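Q: Just query29.tsv, nothing more (TSV, C-alpha atoms):
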chain	number	residue	atom	x	y	z
A	26	MET	CA	5.73	-32.40	1.80
A	27	LEU	CA	7.32	-31.81	-1.57
A	28	ALA	CA	4.02	-30.76	-3.16
A	29	VAL	CA	3.45	-28.19	-0.39
A	30	ASP	CA	6.99	-26.87	-0.88
A	31	VAL	CA	6.53	-26.51	-4.62
A	32	ALA	CA	3.17	-24.76	-4.15
A	33	SER	CA	4.62	-22.34	-1.61
A	34	TRP	CA	7.63	-21.61	-3.86
A	35	ALA	CA	5.30	-20.88	-6.76
A	36	LEU	CA	3.19	-18.56	-4.57
A	37	ILE	CA	6.25	-16.73	-3.21
A	38	ALA	CA	7.69	-16.33	-6.72
A	39	LEU	CA	4.38	-14.98	-8.04
A	40	GLY	CA	4.08	-12.61	-5.08
A	41	SER	CA	7.61	-11.32	-5.70
A	42	PHE	CA	6.80	-10.79	-9.37
A	43	PHE	CA	3.66	-8.78	-8.61
A	44	THR	CA	5.54	-6.77	-5.97
A	45	VAL	CA	8.20	-5.73	-8.49
A	46	ALA	CA	5.52	-5.06	-11.12
A	47	GLY	CA	3.58	-2.83	-8.73
A	48	ALA	CA	6.69	-0.90	-7.71
A	49	LEU	CA	7.63	-0.48	-11.38
A	50	GLY	CA	4.16	0.92	-12.04
A	51	LEU	CA	4.51	3.21	-9.02
A	52	LEU	CA	7.63	4.67	-10.59
A	53	ARG	CA	6.54	4.79	-14.25
A	54	MET	CA	2.84	5.74	-14.20
A	55	PRO	CA	2.10	9.32	-15.31
A	56	GLU	CA	0.05	10.74	-12.41
A	57	ILE	CA	-1.13	10.13	-8.87
A	58	PHE	CA	-4.35	8.16	-9.50
A	59	THR	CA	-2.72	5.64	-11.85
A	60	ARG	CA	0.17	5.37	-9.38
A	61	MET	CA	-2.33	4.52	-6.65
A	62	HIS	CA	-3.71	1.83	-8.93
A	63	ALA	CA	-0.21	0.39	-9.41
A	64	ALA	CA	0.61	0.58	-5.70
A	65	SER	CA	-2.56	-1.32	-4.80
A	66	VAL	CA	-1.13	-4.30	-6.73
A	67	ILE	CA	1.58	-4.53	-4.06
A	68	ASP	CA	-1.03	-4.42	-1.28
A	69	THR	CA	-3.31	-7.08	-2.78
A	70	LEU	CA	-1.53	-9.55	-5.06
A	71	GLY	CA	2.01	-9.00	-3.78
A	72	VAL	CA	1.27	-9.28	-0.07
A	73	GLY	CA	-1.53	-11.82	-0.59
A	74	LEU	CA	0.41	-14.37	-2.63
A	75	LEU	CA	3.68	-13.91	-0.72
A	76	PHE	CA	2.07	-14.37	2.70
A	77	LEU	CA	0.00	-17.30	1.45
A	78	GLY	CA	3.25	-18.95	0.35
A	79	LEU	CA	4.81	-18.21	3.75
A	80	CYS	CA	1.71	-19.73	5.42
A	81	LEU	CA	2.31	-22.97	3.52
A	82	GLN	CA	5.97	-22.91	4.65
A	83	ALA	CA	5.06	-22.30	8.29
A	84	GLY	CA	2.53	-25.11	8.56
A	85	PHE	CA	-0.18	-25.02	11.21
A	86	SER	CA	1.29	-22.84	13.97
A	87	LEU	CA	1.21	-19.46	15.68
A	88	VAL	CA	3.28	-18.03	12.83
A	89	THR	CA	0.46	-18.83	10.41
A	90	LEU	CA	-2.00	-17.04	12.69
A	91	LYS	CA	0.21	-13.93	12.66
A	92	LEU	CA	0.44	-14.09	8.88
A	93	VAL	CA	-3.37	-14.32	8.68
A	94	PHE	CA	-3.62	-11.29	10.98
A	95	LEU	CA	-1.28	-9.36	8.68
A	96	LEU	CA	-3.32	-10.43	5.64
A	97	ALA	CA	-6.55	-9.26	7.32
A	98	LEU	CA	-4.87	-5.97	8.24
A	99	PHE	CA	-3.88	-5.35	4.62
A	100	PHE	CA	-7.25	-6.56	3.33
A	101	PHE	CA	-9.13	-3.93	5.34
A	102	MET	CA	-6.65	-1.07	5.69
A	103	SER	CA	-5.14	-0.75	2.22
A	104	PRO	CA	-8.46	0.36	0.63
A	105	VAL	CA	-9.03	2.78	3.53
A	106	VAL	CA	-5.65	4.45	3.03
A	107	THR	CA	-6.04	4.56	-0.76
A	108	HIS	CA	-9.51	6.06	-0.43
A	109	ALA	CA	-8.29	8.70	2.01
A	110	LEU	CA	-5.41	9.55	-0.31
A	111	ALA	CA	-7.71	9.88	-3.35
A	112	ARG	CA	-10.10	12.09	-1.37
A	113	ALA	CA	-7.21	14.28	-0.25
A	114	CYS	CA	-6.02	14.58	-3.88
A	115	LEU	CA	-9.49	15.58	-5.11
A	116	HIS	CA	-9.79	18.04	-2.23
A	117	GLU	CA	-6.56	19.63	-3.38
A	118	LYS	CA	-8.13	19.92	-6.87
A	119	ILE	CA	-5.80	17.40	-8.50
A	120	GLU	CA	-7.85	16.11	-11.44
A	121	PRO	CA	-7.38	12.62	-12.91
A	122	LEU	CA	-5.67	12.54	-16.30
A	123	LEU	CA	-8.36	11.50	-18.80
A	124	ALA	CA	-8.10	10.50	-22.47
A	125	GLU	CA	-11.58	11.91	-22.98
A	126	ASP	CA	-13.93	13.56	-20.53
A	127	ARG	CA	-17.24	11.67	-20.56
A	128	ARG	CA	-18.86	13.68	-17.80
A	129	PRO	CA	-21.85	15.88	-18.75
A	130	ARG	CA	-20.75	19.20	-20.15
A	131	GLY	CA	-20.09	21.75	-17.43
A	132	ALA	CA	-21.03	19.37	-14.64
A	133	ALA	CA	-17.57	18.52	-13.42
A	134	PRO	CA	-15.90	21.86	-12.66
A	135	THR	CA	-18.85	23.29	-10.70
A	136	GLY	CA	-19.89	19.92	-9.23
A	137	VAL	CA	-20.44	19.46	-5.54
A	138	ALA	CA	-18.71	16.56	-3.79
A	139	ASP	CA	-20.93	14.02	-2.06
A	140	ASP	CA	-20.15	15.52	1.34
A	141	GLY	CA	-21.61	18.85	0.25
A	142	ARG	CA	-18.29	20.67	-0.15
A	143	GLN	CA	-17.61	22.64	-3.31
A	144	ARG	CA	-14.89	20.99	-5.28
B	24	MET	CA	16.65	-20.68	-2.26
B	25	ILE	CA	13.32	-19.01	-2.83
B	26	PHE	CA	13.53	-16.71	0.22
B	27	VAL	CA	16.72	-15.09	-1.08
B	28	ALA	CA	15.06	-14.46	-4.44
B	29	ALA	CA	11.99	-12.97	-2.74
B	30	THR	CA	14.24	-10.77	-0.56
B	31	PHE	CA	16.01	-9.42	-3.63
B	32	ALA	CA	12.70	-8.80	-5.41
B	33	ILE	CA	11.39	-6.86	-2.41
B	34	LEU	CA	14.64	-4.86	-2.20
B	35	VAL	CA	14.33	-3.93	-5.89
B	36	ALA	CA	10.71	-2.87	-5.33
B	37	LEU	CA	11.82	-0.87	-2.28
B	38	ALA	CA	14.43	0.97	-4.39
B	39	LEU	CA	11.79	1.81	-7.01
B	40	ALA	CA	9.36	3.10	-4.35
B	41	ILE	CA	12.10	5.24	-2.79
B	42	ALA	CA	12.92	6.63	-6.23
B	43	ARG	CA	9.27	7.66	-6.58
B	44	ALA	CA	9.36	9.24	-3.11
B	45	ILE	CA	12.40	11.30	-4.11
B	46	LYS	CA	11.04	12.19	-7.56
B	47	GLY	CA	7.34	12.67	-6.73
B	48	GLN	CA	5.96	15.92	-8.08
B	49	THR	CA	3.21	16.39	-5.50
B	50	VAL	CA	3.24	15.66	-1.79
B	51	PHE	CA	0.63	12.93	-2.33
B	52	ASP	CA	3.04	10.98	-4.54
B	53	ARG	CA	5.46	11.03	-1.64
B	54	VAL	CA	2.77	9.93	0.82
B	55	LEU	CA	1.78	7.06	-1.49
B	56	ALA	CA	5.41	6.04	-1.93
B	57	GLY	CA	5.93	6.22	1.82
B	58	ASN	CA	2.94	3.94	2.38
B	59	SER	CA	4.32	1.49	-0.19
B	60	VAL	CA	7.72	1.59	1.50
B	61	GLY	CA	6.02	0.64	4.77
B	62	THR	CA	4.19	-2.25	3.11
B	63	LEU	CA	7.40	-3.48	1.48
B	64	ALA	CA	9.25	-3.21	4.79
B	65	ILE	CA	6.66	-5.50	6.40
B	66	MET	CA	7.08	-8.00	3.55
B	67	LEU	CA	10.85	-7.78	3.92
B	68	LEU	CA	10.58	-8.41	7.67
B	69	ALA	CA	8.42	-11.49	7.08
B	70	VAL	CA	10.65	-12.97	4.36
B	71	VAL	CA	13.91	-12.26	6.20
B	72	GLY	CA	12.37	-13.79	9.31
B	73	PHE	CA	11.72	-16.99	7.38
B	74	LEU	CA	15.16	-16.78	5.73
B	75	THR	CA	16.96	-16.69	9.08
B	76	GLU	CA	14.46	-19.20	10.53
B	77	ARG	CA	13.23	-16.75	13.13
B	78	PRO	CA	9.62	-15.97	12.09
B	79	GLU	CA	9.08	-14.08	15.36
B	80	PHE	CA	9.85	-10.97	13.32
B	81	LEU	CA	6.19	-11.08	12.29
B	82	ASP	CA	5.22	-9.42	15.59
B	83	ILE	CA	7.31	-6.41	14.59
B	84	GLY	CA	5.65	-6.56	11.17
B	85	LEU	CA	2.18	-6.36	12.71
B	86	THR	CA	3.16	-3.37	14.84
B	87	TYR	CA	4.77	-1.70	11.89
B	88	GLY	CA	1.64	-2.23	9.78
B	89	LEU	CA	-0.58	-0.51	12.35
B	90	LEU	CA	1.92	2.37	12.69
B	91	ASN	CA	2.11	2.69	8.90
B	92	ILE	CA	-1.67	3.11	8.55
B	93	ILE	CA	-1.95	5.59	11.40
B	94	GLY	CA	1.06	7.53	10.14
B	95	THR	CA	-0.30	7.80	6.60
B	96	LEU	CA	-3.75	8.90	7.75
B	97	ALA	CA	-2.21	11.43	10.16
B	98	VAL	CA	-0.04	12.93	7.41
B	99	LEU	CA	-3.05	13.13	5.07
B	100	LYS	CA	-5.16	14.82	7.74
B	101	PHE	CA	-2.35	17.24	8.47
B	102	PHE	CA	-2.06	18.23	4.80
B	103	ARG	CA	-5.83	18.57	4.46
B	104	HIS	CA	-6.45	20.74	7.51
B	105	GLY	CA	-2.99	21.98	8.44
B	106	ASP	CA	-3.76	20.81	11.97
B	107	LEU	CA	-4.00	17.40	13.59
B	108	ALA	CA	-6.36	18.45	16.40
B	109	ARG	CA	-9.10	19.75	14.11
B	110	ASP	CA	-12.61	18.46	14.77
B	111	ALA	CA	-15.21	17.85	12.03
B	112	ASN	CA	-18.04	19.14	14.24
B	113	GLU	CA	-16.12	22.30	14.93
B	114	GLU	CA	-15.86	22.85	11.17
B	115	THR	CA	-19.61	22.72	10.52
B	116	GLY	CA	-20.51	24.55	13.74
B	117	THR	CA	-18.65	27.77	12.98
Take the structure in the file and give it back as structure tokens.

A:
Amino acid sequence: MLAVDVASWALIALGSFFTVAGALGLLRMPEIFTRMHAASVIDTLGVGLLFLGLCLQAGFSLVTLKLVFLLALFFFMSPVVTHALARACLHEKIEPLLAEDRRPRGAAPTGVADDGRQR
Amino acid sequence: MIFVAATFAILVALALAIARAIKGQTVFDRVLAGNSVGTLAIMLLAVVGFLTERPEFLDIGLTYGLLNIIGTLAVLKFFRHGDLARDANEETGT
């Protein structure tokens, strides 16, 4: 019992750390795409480790099943929301901040998005 | 007590996300911060449920997660088209 408790405490502590780290990145990153990258840390490592630790605390019960449902929800829906947000940003012509542009010369500004729309 | 520590960590993260929502230069920063606030609220519900030994709060967390996703996608669609009832077929047809 003690080993399970220690493992769950470690997981909850790690999850809390990654949650704060992701939120810090959300506040301090320079532009929207890097902020999305920081926010996805909350959705993956933060939620994942924290809920795994709570699963160990709950034991084998209905509560664990609900936690697994929540984990599955985040596993599938967080990338969907992030993808939709990135597409919306690109549609609004918000360009990612690049140190150097490695795209072929002249290709990017007149490029056509993969759905056929002019960007 | 580890649950108290986790609650405080989530509250700090929530404050940082709300600061980004207030500061955010573009509307998408605010949408992203709003989505993160929803995620952190679910985590807070789960941890506080365990803290008070009433994990039934997880049901509310599940509902709130579904609402959060639908809300974010609806806001994004609204800002893309300026209309929630717009149909993709209608767009290509005319």

Q: Restricting the calculation to all atoms listed in the file, which member of B:Ala32, B:Leu63, B:Leu107, B:Ala42 is positioned closest to B:Gly94?

A: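 When distances to B:Gly94 are compared using all atoms listed in the file, the smallest one comes from B:Leu107.
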
Q: Counting all atoms listed in the file, collect the residues of chain A whose closest atom lies at most 10 Å from chain B, and write them out as a VMD selection string.

A: chain A and resid 33 to 35 37 to 53 56 to 58 60 to 61 64 to 65 67 to 68 71 to 72 75 to 76 79 82 to 83 87 to 89 91 to 92 94 to 96 98 to 99 102 to 103 105 to 107 109 to 114 116 to 117 119

Q: For the atom pair atom CA of B:Ala64 and atom CA of B:Tyr87, what is the interatomic distance in Å to one decimal place?

A: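 Atom CA of B:Ala64 sits 8.5 Å away from atom CA of B:Tyr87.
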
Q: Please, what distance in Å, to one decimal, runs between atom CA of B:Glu76 and atom CA of A:Ala97?

A: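 Taking atom CA of B:Glu76 and atom CA of A:Ala97, their separation equals 23.5 Å.
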
Q: Figure out the distance between atom CA of A:Thr69 and atom CA of A:Phe101, please, to one decimal in Å.

A: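 It comes out at 10.5 Å.
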